>>> print(open('coords.pdb').read())   # PDB, C-alpha atoms
ATOM      1  CA  MET I 173       3.872 -14.918 -14.621
ATOM      2  CA  LYS I 174       1.536 -11.931 -14.487
ATOM      3  CA  PHE I 175       0.429  -9.963 -11.436
ATOM      4  CA  GLU I 176      -1.156  -6.633 -12.374
ATOM      5  CA  THR I 177      -3.245  -4.200 -10.341
ATOM      6  CA  TYR I 178      -6.332  -2.528 -11.791
ATOM      7  CA  LEU I 179      -8.498   0.380 -10.712
ATOM      8  CA  LEU I 180     -12.222  -0.068 -10.178
ATOM      9  CA  CYS I 181     -15.488   1.755 -10.694
ATOM     10  CA  ASP I 182     -16.290   4.698  -8.388
ATOM     11  CA  ALA I 183     -19.165   2.887  -6.639
ATOM     12  CA  LEU I 184     -16.791   0.229  -5.274
ATOM     13  CA  LYS I 185     -13.874   2.485  -4.272
ATOM     14  CA  PRO I 186     -15.033   2.997  -0.651
ATOM     15  CA  TYR I 187     -14.948  -0.779  -0.107
ATOM     16  CA  VAL I 188     -12.338  -2.256  -2.456
ATOM     17  CA  LYS I 189      -8.669  -1.211  -2.691
ATOM     18  CA  HIS I 190      -8.069  -2.693  -6.121
ATOM     19  CA  PHE I 191      -8.401  -5.703  -8.372
ATOM     20  CA  ILE I 192      -5.522  -7.950  -9.376
ATOM     21  CA  ILE I 193      -5.192 -10.172 -12.418
ATOM     22  CA  SER I 194      -2.895 -13.074 -11.561
ATOM     23  CA  GLU I 195      -1.732 -15.515 -14.239
ATOM     24  CA  ASN I 196       0.731 -18.371 -13.641
ATOM     25  CA  SER I 197       1.809 -20.592 -16.507
ATOM     26  CA  ASP I 198       3.758 -22.991 -14.278
ATOM     27  CA  ALA I 199       2.558 -25.120 -11.388
ATOM     28  CA  LYS I 200       4.153 -23.943  -8.148
ATOM     29  CA  THR I 201       3.859 -23.762  -4.384
ATOM     30  CA  TYR I 202       3.986 -20.332  -2.777
ATOM     31  CA  LYS I 203       3.659 -18.655   0.592
ATOM     32  CA  VAL I 204       1.074 -15.999   1.487
ATOM     33  CA  LEU I 205       1.880 -13.807   4.496
ATOM     34  CA  PRO I 206      -0.720 -12.220   6.808
ATOM     35  CA  ASP I 207      -2.126  -8.905   5.654
ATOM     36  CA  THR I 208      -4.905  -6.548   6.726
ATOM     37  CA  SER I 209      -7.297  -7.196   3.831
ATOM     38  CA  LEU I 210      -9.709 -10.004   3.075
ATOM     39  CA  ILE I 211      -9.249 -11.349  -0.462
ATOM     40  CA  MET I 212     -11.947 -12.650  -2.801
ATOM     41  CA  GLY I 213     -10.783 -14.721  -5.751
ATOM     42  CA  PHE I 214     -12.241 -16.049  -9.010
ATOM     43  CA  GLN I 215     -10.218 -18.632 -10.949
ATOM     44  CA  TYR I 216     -11.100 -18.525 -14.648
ATOM     45  CA  ALA I 217      -8.495 -21.190 -15.463
ATOM     46  CA  GLY I 218      -6.671 -23.813 -13.385
ATOM     47  CA  ARG I 219      -7.134 -24.627  -9.705
ATOM     48  CA  LEU I 220      -5.693 -23.649  -6.327
ATOM     49  CA  ALA I 221      -5.092 -25.746  -3.232
ATOM     50  CA  HIS I 222      -4.227 -24.868   0.356
ATOM     51  CA  LEU I 223      -1.448 -27.061   1.720
ATOM     52  CA  LYS I 224      -2.141 -28.396   5.206
ATOM     53  CA  GLY I 225       0.711 -30.567   6.383
ATOM     54  CA  GLU I 226       1.013 -33.322   3.798
ATOM     55  CA  SER I 227      -2.506 -32.885   2.401
ATOM     56  CA  ASP I 228      -3.852 -30.604  -0.330
ATOM     57  CA  ASP I 229      -7.143 -28.880   0.400
ATOM     58  CA  GLN I 230      -8.610 -28.090  -3.011
ATOM     59  CA  LEU I 231     -10.219 -24.652  -3.051
ATOM     60  CA  ALA I 232     -13.409 -23.611  -4.803
ATOM     61  CA  THR I 233     -12.928 -21.695  -8.050
ATOM     62  CA  ALA I 234     -14.702 -18.743  -6.413
ATOM     63  CA  GLY I 235     -13.885 -18.095  -2.765
ATOM     64  CA  ILE I 236     -12.882 -15.660  -0.052
ATOM     65  CA  THR I 237      -9.937 -15.849   2.337
ATOM     66  CA  GLY I 238     -10.219 -14.304   5.795
ATOM     67  CA  LEU I 239      -7.530 -12.590   7.816
ATOM     68  CA  MET I 240      -4.841 -14.798   9.305
ATOM     69  CA  ASP I 241      -2.071 -14.504  11.872
ATOM     70  CA  SER I 242       0.389 -16.938  10.338
ATOM     71  CA  TYR I 243       1.636 -17.694   6.856
ATOM     72  CA  ARG I 244      -0.162 -20.169   4.605
ATOM     73  CA  LEU I 245       1.064 -22.293   1.729
ATOM     74  CA  PHE I 246      -0.853 -22.549  -1.534
ATOM     75  CA  LYS I 247      -0.283 -24.540  -4.699
ATOM     76  CA  ASN I 248      -1.580 -23.798  -8.173
ATOM     77  CA  THR I 249      -1.846 -26.029 -11.199
ATOM     78  CA  ALA I 250      -0.229 -24.987 -14.457
ATOM     79  CA  ASP I 251      -2.016 -22.158 -16.273
ATOM     80  CA  THR I 252      -3.947 -20.899 -13.255
ATOM     81  CA  ASN I 253      -5.487 -17.483 -13.860
ATOM     82  CA  SER I 254      -7.456 -15.462 -11.322
ATOM     83  CA  VAL I 255      -9.243 -12.202 -10.649
ATOM     84  CA  LEU I 256      -8.525 -11.105  -7.069
ATOM     85  CA  VAL I 257     -10.541  -8.545  -5.119
ATOM     86  CA  VAL I 258      -8.534  -6.819  -2.366
ATOM     87  CA  PHE I 259     -10.886  -5.163   0.136
ATOM     88  CA  HIS I 260     -10.359  -2.189   2.391
ATOM     89  CA  GLU I 261     -10.150  -3.271   6.024
ATOM     90  CA  THR I 262     -13.851  -2.566   6.626
ATOM     91  CA  GLY I 263     -14.978  -3.174   3.034
ATOM     92  CA  ALA I 264     -15.722  -6.890   2.859
ATOM     93  CA  ALA I 265     -18.581  -6.559   5.349
ATOM     94  CA  THR I 266     -20.485  -4.640   2.670
ATOM     95  CA  PHE I 267     -20.741  -7.776   0.521
ATOM     96  CA  VAL I 268     -20.547 -10.656   3.005
ATOM     97  CA  GLN I 269     -23.520 -10.807   5.349
ATOM     98  CA  GLN I 270     -21.764 -12.905   7.974
ATOM     99  CA  PRO I 271     -19.562 -11.902  10.925
ATOM    100  CA  LEU I 272     -16.150 -11.742   9.295
ATOM    101  CA  HIS I 273     -14.270 -13.177  12.265
ATOM    102  CA  GLU I 274     -15.896 -16.511  11.335
ATOM    103  CA  LEU I 275     -13.675 -16.477   8.229
ATOM    104  CA  PHE I 276     -10.464 -15.970  10.211
ATOM    105  CA  GLY I 277      -7.756 -18.287   8.893
ATOM    106  CA  GLU I 278     -10.151 -19.876   6.395
ATOM    107  CA  SER I 279     -10.690 -19.966   2.641
ATOM    108  CA  ILE I 280     -14.422 -20.359   2.010
ATOM    109  CA  SER I 281     -16.409 -20.985  -1.176
ATOM    110  CA  LEU I 282     -18.534 -18.046  -2.309
ATOM    111  CA  GLU I 283     -21.502 -20.392  -2.583
ATOM    112  CA  HIS I 284     -22.116 -19.544   1.083
ATOM    113  CA  PHE I 285     -22.712 -15.888   0.183
ATOM    114  CA  PHE I 286     -23.925 -15.755  -3.419
ATOM    115  CA  THR I 287     -26.460 -17.906  -5.260
ATOM    116  CA  GLU I 288     -25.428 -20.823  -7.440
ATOM    117  CA  ALA I 289     -26.972 -19.087 -10.449
ATOM    118  CA  GLU I 290     -24.971 -15.895  -9.832
ATOM    119  CA  LEU I 291     -21.698 -17.792  -9.504
ATOM    120  CA  SER I 292     -22.366 -19.919 -12.585
ATOM    121  CA  GLU I 293     -23.152 -16.827 -14.628
ATOM    122  CA  THR I 294     -20.024 -15.088 -13.364
ATOM    123  CA  GLU I 295     -17.806 -18.067 -14.170
ATOM    124  CA  GLU I 296     -19.290 -18.357 -17.669
ATOM    125  CA  LYS I 297     -18.710 -14.670 -18.376
ATOM    126  CA  LEU I 298     -15.123 -14.871 -17.096
ATOM    127  CA  ALA I 299     -14.465 -17.878 -19.316
ATOM    128  CA  ILE I 300     -15.455 -16.030 -22.498
ATOM    129  CA  ALA I 301     -14.044 -12.587 -21.580
ATOM    130  CA  ASN I 302     -11.528 -11.339 -24.134
ATOM    131  CA  ASP I 303      -9.296  -9.232 -21.890
ATOM    132  CA  ASP I 304      -8.555  -8.184 -18.313
ATOM    133  CA  ARG I 305     -10.866  -5.169 -18.381
ATOM    134  CA  GLN I 306     -13.799  -7.373 -19.330
ATOM    135  CA  ARG I 307     -12.934  -9.789 -16.528
ATOM    136  CA  ILE I 308     -12.818  -6.926 -14.030
ATOM    137  CA  ASN I 309     -16.200  -5.709 -15.272
ATOM    138  CA  VAL I 310     -17.715  -9.174 -14.744
ATOM    139  CA  VAL I 311     -16.619  -9.254 -11.086
ATOM    140  CA  GLU I 312     -17.671  -5.633 -10.553
ATOM    141  CA  GLU I 313     -21.146  -6.531 -11.821
ATOM    142  CA  LEU I 314     -21.465  -9.318  -9.249
ATOM    143  CA  LEU I 315     -20.257  -7.122  -6.376
ATOM    144  CA  LEU I 316     -22.554  -4.243  -7.305
ATOM    145  CA  LYS I 317     -25.556  -6.581  -7.044
ATOM    146  CA  HIS I 318     -24.610  -7.245  -3.419
ATOM    147  CA  LEU I 319     -23.678  -3.708  -2.466
ATOM    148  CA  GLN I 320     -25.213  -3.214   0.984
ATOM    149  CA  PRO I 321     -23.039  -0.530   2.603
ATOM    150  CA  VAL I 322     -22.011  -1.087   6.202
ATOM    151  CA  HIS I 323     -20.875   2.168   7.792
ATOM    152  CA  ASP I 324     -19.421   2.049  11.294
ATOM    153  CA  GLY I 325     -17.461   5.215  11.960
ATOM    154  CA  LEU I 326     -16.148   3.939  15.281
ATOM    155  CA  ILE I 327     -14.523   0.900  13.695
ATOM    156  CA  GLY I 328     -13.168   2.998  10.842
ATOM    157  CA  LYS I 329     -11.473   5.272  13.386
ATOM    158  CA  ALA I 330     -10.155   2.256  15.289
ATOM    159  CA  VAL I 331      -8.469   0.964  12.129
ATOM    160  CA  VAL I 332      -6.897   4.406  11.566
ATOM    161  CA  TYR I 333      -5.546   4.562  15.141
ATOM    162  CA  ILE I 334      -4.041   1.082  14.813
ATOM    163  CA  HIS I 335      -2.322   1.939  11.543
ATOM    164  CA  GLN I 336      -1.082   5.289  12.905
ATOM    165  CA  SER I 337       0.535   3.468  15.838
ATOM    166  CA  ARG I 338       1.964   0.852  13.442
ATOM    167  CA  GLY I 339       0.192  -1.805  15.457
ATOM    168  CA  THR I 340       1.657  -0.890  18.850
ATOM    169  CA  ILE I 341      -1.342   0.848  20.450
ATOM    170  CA  ARG I 342      -2.648  -0.755  23.636
ATOM    171  CA  MET I 343      -6.260  -1.858  23.623
ATOM    172  CA  THR I 344      -7.065   0.232  26.703
ATOM    173  CA  GLU I 345      -5.703   3.311  24.955
ATOM    174  CA  LEU I 346      -7.590   2.475  21.757
ATOM    175  CA  ALA I 347     -10.891   2.194  23.638
ATOM    176  CA  ARG I 348     -10.168   5.405  25.553
ATOM    177  CA  ASN I 349      -9.410   7.314  22.348
ATOM    178  CA  LEU I 350     -12.745   6.147  20.944
ATOM    179  CA  ASN I 351     -14.693   6.927  24.126
ATOM    180  CA  THR I 352     -15.929   3.365  24.451
ATOM    181  CA  SER I 353     -15.170   0.229  26.431
ATOM    182  CA  GLN I 354     -13.106  -2.696  25.188
ATOM    183  CA  SER I 355     -15.813  -5.362  25.083
ATOM    184  CA  PRO I 356     -18.303  -3.715  22.688
ATOM    185  CA  LEU I 357     -15.399  -2.361  20.615
ATOM    186  CA  GLU I 358     -13.970  -5.849  20.176
ATOM    187  CA  LYS I 359     -17.352  -7.328  19.247
ATOM    188  CA  ARG I 360     -18.017  -4.740  16.538
ATOM    189  CA  PHE I 361     -14.432  -4.803  15.290
ATOM    190  CA  ARG I 362     -14.341  -8.605  14.904
ATOM    191  CA  LYS I 363     -17.626  -8.604  12.989
ATOM    192  CA  ILE I 364     -16.644  -5.902  10.487
ATOM    193  CA  VAL I 365     -12.862  -6.293  10.146
ATOM    194  CA  GLY I 366     -12.488 -10.041  10.620
ATOM    195  CA  ALA I 367     -10.255 -10.225  13.712
ATOM    196  CA  SER I 368     -10.075  -8.746  17.178
ATOM    197  CA  PRO I 369      -8.426  -5.300  17.472
ATOM    198  CA  LYS I 370      -5.482  -6.919  19.267
ATOM    199  CA  LYS I 371      -5.000  -9.569  16.592
ATOM    200  CA  PHE I 372      -5.383  -6.987  13.825
ATOM    201  CA  SER I 373      -2.780  -4.808  15.564
ATOM    202  CA  SER I 374      -0.330  -7.707  15.628
ATOM    203  CA  ILE I 375      -0.775  -8.157  11.868
ATOM    204  CA  VAL I 376      -0.144  -4.436  11.298
ATOM    205  CA  ARG I 377       2.891  -4.545  13.577
ATOM    206  CA  ILE I 378       4.624  -7.395  11.757
ATOM    207  CA  LYS I 379       3.727  -5.873   8.404
ATOM    208  CA  ASN I 380       5.474  -2.695   9.577
ATOM    209  CA  VAL I 381       8.500  -4.720  10.680
ATOM    210  CA  ARG I 382       8.735  -6.303   7.234
ATOM    211  CA  SER I 383       8.834  -2.810   5.741
ATOM    212  CA  LEU I 384      11.483  -1.691   8.228
ATOM    213  CA  LEU I 385      13.662  -4.670   7.351
ATOM    214  CA  THR I 386      14.145  -3.222   3.872
ATOM    215  CA  GLN I 387      16.023  -0.317   5.498
ATOM    216  CA  TYR I 388      17.414  -1.510   8.843
ATOM    217  CA  ASN I 389      18.963  -4.604  10.392
ATOM    218  CA  TYR I 390      16.578  -6.744  12.398
ATOM    219  CA  GLN I 391      17.697  -5.423  15.804
ATOM    220  CA  GLN I 392      16.967  -1.850  14.702
ATOM    221  CA  ALA I 393      13.683  -2.890  13.092
ATOM    222  CA  ALA I 394      12.595  -4.636  16.278
ATOM    223  CA  TYR I 395      13.372  -1.544  18.353
ATOM    224  CA  LEU I 396      11.525   0.784  15.968
ATOM    225  CA  ALA I 397       8.508  -1.547  16.145
ATOM    226  CA  SER I 398       8.597  -1.315  19.972
ATOM    227  CA  TYR I 399       9.879  -4.852  20.530
ATOM    228  CA  TYR I 400      12.174  -4.703  23.515
ATOM    229  CA  ASP I 401      12.553  -8.472  23.908
ATOM    230  CA  GLN I 402      14.472 -10.053  21.018
ATOM    231  CA  ALA I 403      13.190 -13.556  21.791
ATOM    232  CA  HIS I 404       9.568 -12.335  21.687
ATOM    233  CA  PHE I 405      10.207 -10.482  18.437
ATOM    234  CA  ILE I 406      11.822 -13.469  16.710
ATOM    235  CA  LYS I 407       9.032 -15.793  17.889
ATOM    236  CA  ASP I 408       6.290 -13.471  16.590
ATOM    237  CA  PHE I 409       8.078 -12.888  13.301
ATOM    238  CA  LYS I 410       8.601 -16.599  12.669
ATOM    239  CA  THR I 411       4.952 -17.369  13.471
ATOM    240  CA  PHE I 412       3.792 -14.826  10.908
ATOM    241  CA  THR I 413       6.334 -15.518   8.165
ATOM    242  CA  GLY I 414       7.725 -19.008   8.752
ATOM    243  CA  GLU I 415      11.239 -17.551   8.871
ATOM    244  CA  THR I 416      13.503 -15.813  11.337
ATOM    245  CA  PRO I 417      14.191 -12.118  10.616
ATOM    246  CA  GLU I 418      17.691 -13.008   9.388
ATOM    247  CA  GLN I 419      16.325 -15.645   7.005
ATOM    248  CA  TYR I 420      13.634 -13.259   5.773
ATOM    249  CA  VAL I 421      16.131 -10.478   5.010
ATOM    250  CA  LYS I 422      18.106 -12.843   2.781
ATOM    251  CA  THR I 423      15.028 -13.286   0.562
ATOM    252  CA  LEU I 424      14.530  -9.545   0.000
ATOM    253  CA  PRO I 425      15.497  -8.084  -3.405
ATOM    254  CA  LYS I 426      18.899  -6.425  -3.374
ATOM    255  CA  PRO I 427      18.931  -2.663  -4.129
ATOM    256  CA  PRO I 428      20.599  -1.718  -7.435
ATOM    257  CA  GLY I 429      24.362  -1.616  -7.074
ATOM    258  CA  THR I 430      24.435  -3.838  -3.982
ATOM    259  CA  VAL I 431      27.444  -6.157  -3.827
ATOM    260  CA  LYS I 432      26.327  -9.770  -3.346
TER
END
>>> encode(input="coords.pdb", output="structure tokens")
Amino acid sequence: MKFETYLLCDALKPYVKHFIISENSDAKTYKVLPDTSLIMGFQYAGRLAHLKGESDDQLATAGITGLMDSYRLFKNTADTNSVLVVFHETGAATFVQQPLHELFGESISLEHFFTEAELSETEEKLAIANDDRQRINVVEELLLKHLQPVHDGLIGKAVVYIHQSRGTIRMTELARNLNTSQSPLEKRFRKIVGASPKKFSSIVRIKNVRSLLTQYNYQQAAYLASYYDQAHFIKDFKTFTGETPEQYVKTLPKPPGTVK
């Protein structure tokens, strides 16, 4: 298995966090937890499927996955290799000319956003690329063709406030800090980020809890994340991760020297 992060060209840095090369020699099923970034993926070998109940929803070889508020299960065939594009919270709107909240909880083929010729050319170049750097360059080339910067300072500040509060800021306070009202803020936020400010905050909050659980027991983590109702905390955590906090902690890597 290979999962390596790569830097990108300067022109894309304001919009993309990083690229990832993912290679899996074995077929497997895996869980993806909610995060704050939209992900664009290009499979240059193998195929992916989203598991929905007992059915497998085969995904396009080039697609984008929106934000989500619960875990999702995916399955890859043997020898599945991908280039993944991890966007900044407001970055995907630069390349996808569609309100991003319409992608919430979905994995959509890139044929809705790029031409068939562009995707075919990209897939052909990825297939003959000799190394990871060449593969990254191929995807960079496609993104640069669709670089139409979307700058919304208000939404950028809203994202910062939400992260600074670790997802606990109230929407009335957020709007007040930005000198705006909730309704227009929510409309602009959903379009550019891909979820409402409240939903995005809940993703940030649980992500913060997951980090806290590497240092504290789940009661302490819940308190530090401003959960004062244990039942509410456990319900939210299980919705996002598919596990209770106690079950989740058992899956975390043990620090060096820890007695099992």
>>> closest_residue(input="coords.pdb", among="I:Ala234, I:Ala199, I:Asp324, I:Tyr178", to="Glu290 (chain I)", atoms="all atoms listed in the file")
I:Ala234
>>> residues_around(input="coords.pdb", residues="Asp229 (chain I)", least_positions_apart="3", cutoff="12 Å", atoms="only C-alpha atoms", output="NGL selection string")
:I and (219-226 or 232 or 244-248 or 278-280)
>>> residues_around(input="coords.pdb", residues="Gln354 (chain I)", least_positions_apart="4", cutoff="12 Å", atoms="only C-alpha atoms", output="list of chain:residue names")
I:Ala330, I:Arg342, I:Met343, I:Thr344, I:Glu345, I:Leu346, I:Ala347, I:Arg348, I:Asn349, I:Leu350, I:Glu358, I:Lys359, I:Arg360, I:Phe361, I:Arg362, I:Ser368, I:Pro369, I:Lys370
>>> write_last_selection(input="coords.pdb", atoms="C-alpha atoms", output="tab-separated table (two decimals), keeping the file's coordinate frame")
chain	number	residue	atom	x	y	z
I	330	ALA	CA	-10.15	2.26	15.29
I	342	ARG	CA	-2.65	-0.76	23.64
I	343	MET	CA	-6.26	-1.86	23.62
I	344	THR	CA	-7.06	0.23	26.70
I	345	GLU	CA	-5.70	3.31	24.96
I	346	LEU	CA	-7.59	2.48	21.76
I	347	ALA	CA	-10.89	2.19	23.64
I	348	ARG	CA	-10.17	5.40	25.55
I	349	ASN	CA	-9.41	7.31	22.35
I	350	LEU	CA	-12.74	6.15	20.94
I	358	GLU	CA	-13.97	-5.85	20.18
I	359	LYS	CA	-17.35	-7.33	19.25
I	360	ARG	CA	-18.02	-4.74	16.54
I	361	PHE	CA	-14.43	-4.80	15.29
I	362	ARG	CA	-14.34	-8.60	14.90
I	368	SER	CA	-10.07	-8.75	17.18
I	369	PRO	CA	-8.43	-5.30	17.47
I	370	LYS	CA	-5.48	-6.92	19.27
>>> residues_near_point(input="coords.pdb", point="(5.9, -16.8, -2.5)", cutoff="12 Å", atoms="all atoms listed in the file", output="list in words")
Lys200, Thr201, Tyr202, Lys203, Val204, Leu205, Tyr243, Arg244, Leu245, Phe246, Lys247, Asn248, Thr413, Gly414, Tyr420, Thr423 and Leu424 of chain I
>>> resolve_selection(input="coords.pdb", expression="the PyMOL selection byres ((chain I and resi 238) around 8)", output="PyMOL selection string")
chain I and resi 209-211+236-237+239-240+272-273+275-279+366
>>> resolve_selection(input="coords.pdb", expression="the PyMOL selection byres ((chain I and resi 335) around 12)", output="PyMOL selection string")
chain I and resi 208+261+328-334+336-341+346+369+372-380
>>> resolve_selection(input="coords.pdb", expression="the PyMOL selection byres ((chain I and resi 185-197) around 6)", output="MDAnalysis selection string")
chainID I and resid 173:179 182:184 198 250:260 263
>>> axis_aligned_box(input="coords.pdb", around="region 257-272 of chain I", padding_each_side="5 Å", output="JSON")
{"center_x": -16.0, "center_y": -7.5, "center_z": 2.9, "size_x": 25.0, "size_y": 20.7, "size_z": 26.0}
>>> atom_distance(input="coords.pdb", atom1="CA of Glu312 (chain I)", atom2="CA of Pro271 (chain I)")
22.5 Å
>>> closest_residue(input="coords.pdb", among="I:Thr411, I:Gln215, I:Thr262, I:Gln419", to="Leu298 (chain I)", atoms="only C-alpha atoms")
I:Gln215
>>> closest_residue(input="coords.pdb", among="I:Pro206, I:Gly325, I:Asp304, I:Val421", to="Asn389 (chain I)", atoms="all atoms listed in the file")
I:Val421
>>> closest_residue(input="coords.pdb", among="I:Asn351, I:Leu282, I:Thr294, I:Glu274", to="Gln306 (chain I)", atoms="all atoms listed in the file")
I:Thr294
>>> atom_distance(input="coords.pdb", atom1="CA of Val381 (chain I)", atom2="CA of Lys363 (chain I)")
26.5 Å
>>> closest_residue(input="coords.pdb", among="I:Leu180, I:Ala299, I:Leu357, I:Val268", to="Gln320 (chain I)", atoms="only C-alpha atoms")
I:Val268
>>> residues_around(input="coords.pdb", residues="His318 (chain I)", least_positions_apart="6", cutoff="10 Å", atoms="all atoms listed in the file", output="NGL selection string")
:I and (266-269 or 285-286)
>>> atom_distance(input="coords.pdb", atom1="CA of Ala367 (chain I)", atom2="CA of Asp207 (chain I)")
11.5 Å
>>> closest_residue(input="coords.pdb", among="I:Pro321, I:Pro356, I:Pro425, I:Pro417", to="Ala265 (chain I)", atoms="only C-alpha atoms")
I:Pro321
